[in-house]
Amino acid sequence: MTKKELSQLYYLKKEIRQQQKRLQELETAATSCTAKITGMPHGMGINDKISKYAAQIADLKGLLDLNLKKCFYELNRINRFIESVEDSEMRMILTLRYIQNLSWQKVAFAIGEYDEQYPRRRHNTFLKRYKLDENDELNIVK
């Protein structure tokens, strides 16, 4: 697991929320409600939009659903990685930094340190020493 992969956790959560919102808009339109659909032409009734764009809506819904599944898969993979870390302090550092999105200073305070360099250095050393194998299990790199 790399720092870049761990950093994706924030954006994956954000992307999932956006995808879920977009799917909700499409489902609302498909059930003939009056929600606006982003990107649809104005001045048409919702039923006209649905009939005119039914195939496009179905395609887009399928693509969004697939993307959402990919996002959840990656989100779960990163969370499993963090939970698989045996060192309790390192697990806390990773959780605070990547799951809770805290700054390095706030991570330091949360673990009882005052220097933000302490958790950052532990984090960087940990990521250099460990890597995931093909089964997503931690291994020490020598």
# chains A, B, ... in the order shown; residues from 1 in each chain; ligands from 1

$ residues_around --residues "stretch 9-20 of chain A" --least-positions-apart "4" --cutoff "8 Å" --atoms "only C-alpha atoms" --output "count of residues only"
14

$ atom_distance --atom1 "atom CA of A:Gln100" --atom2 "atom CA of A:Asn79"
11.8 Å

$ residues_around --residues "A:Ile111" --least-positions-apart "6" --cutoff "12 Å" --atoms "only C-alpha atoms" --output "JSON, numbers by chain"
{"A": [88, 89, 90, 91, 92, 93, 94, 95, 96, 97, 102, 104, 105, 118, 119]}
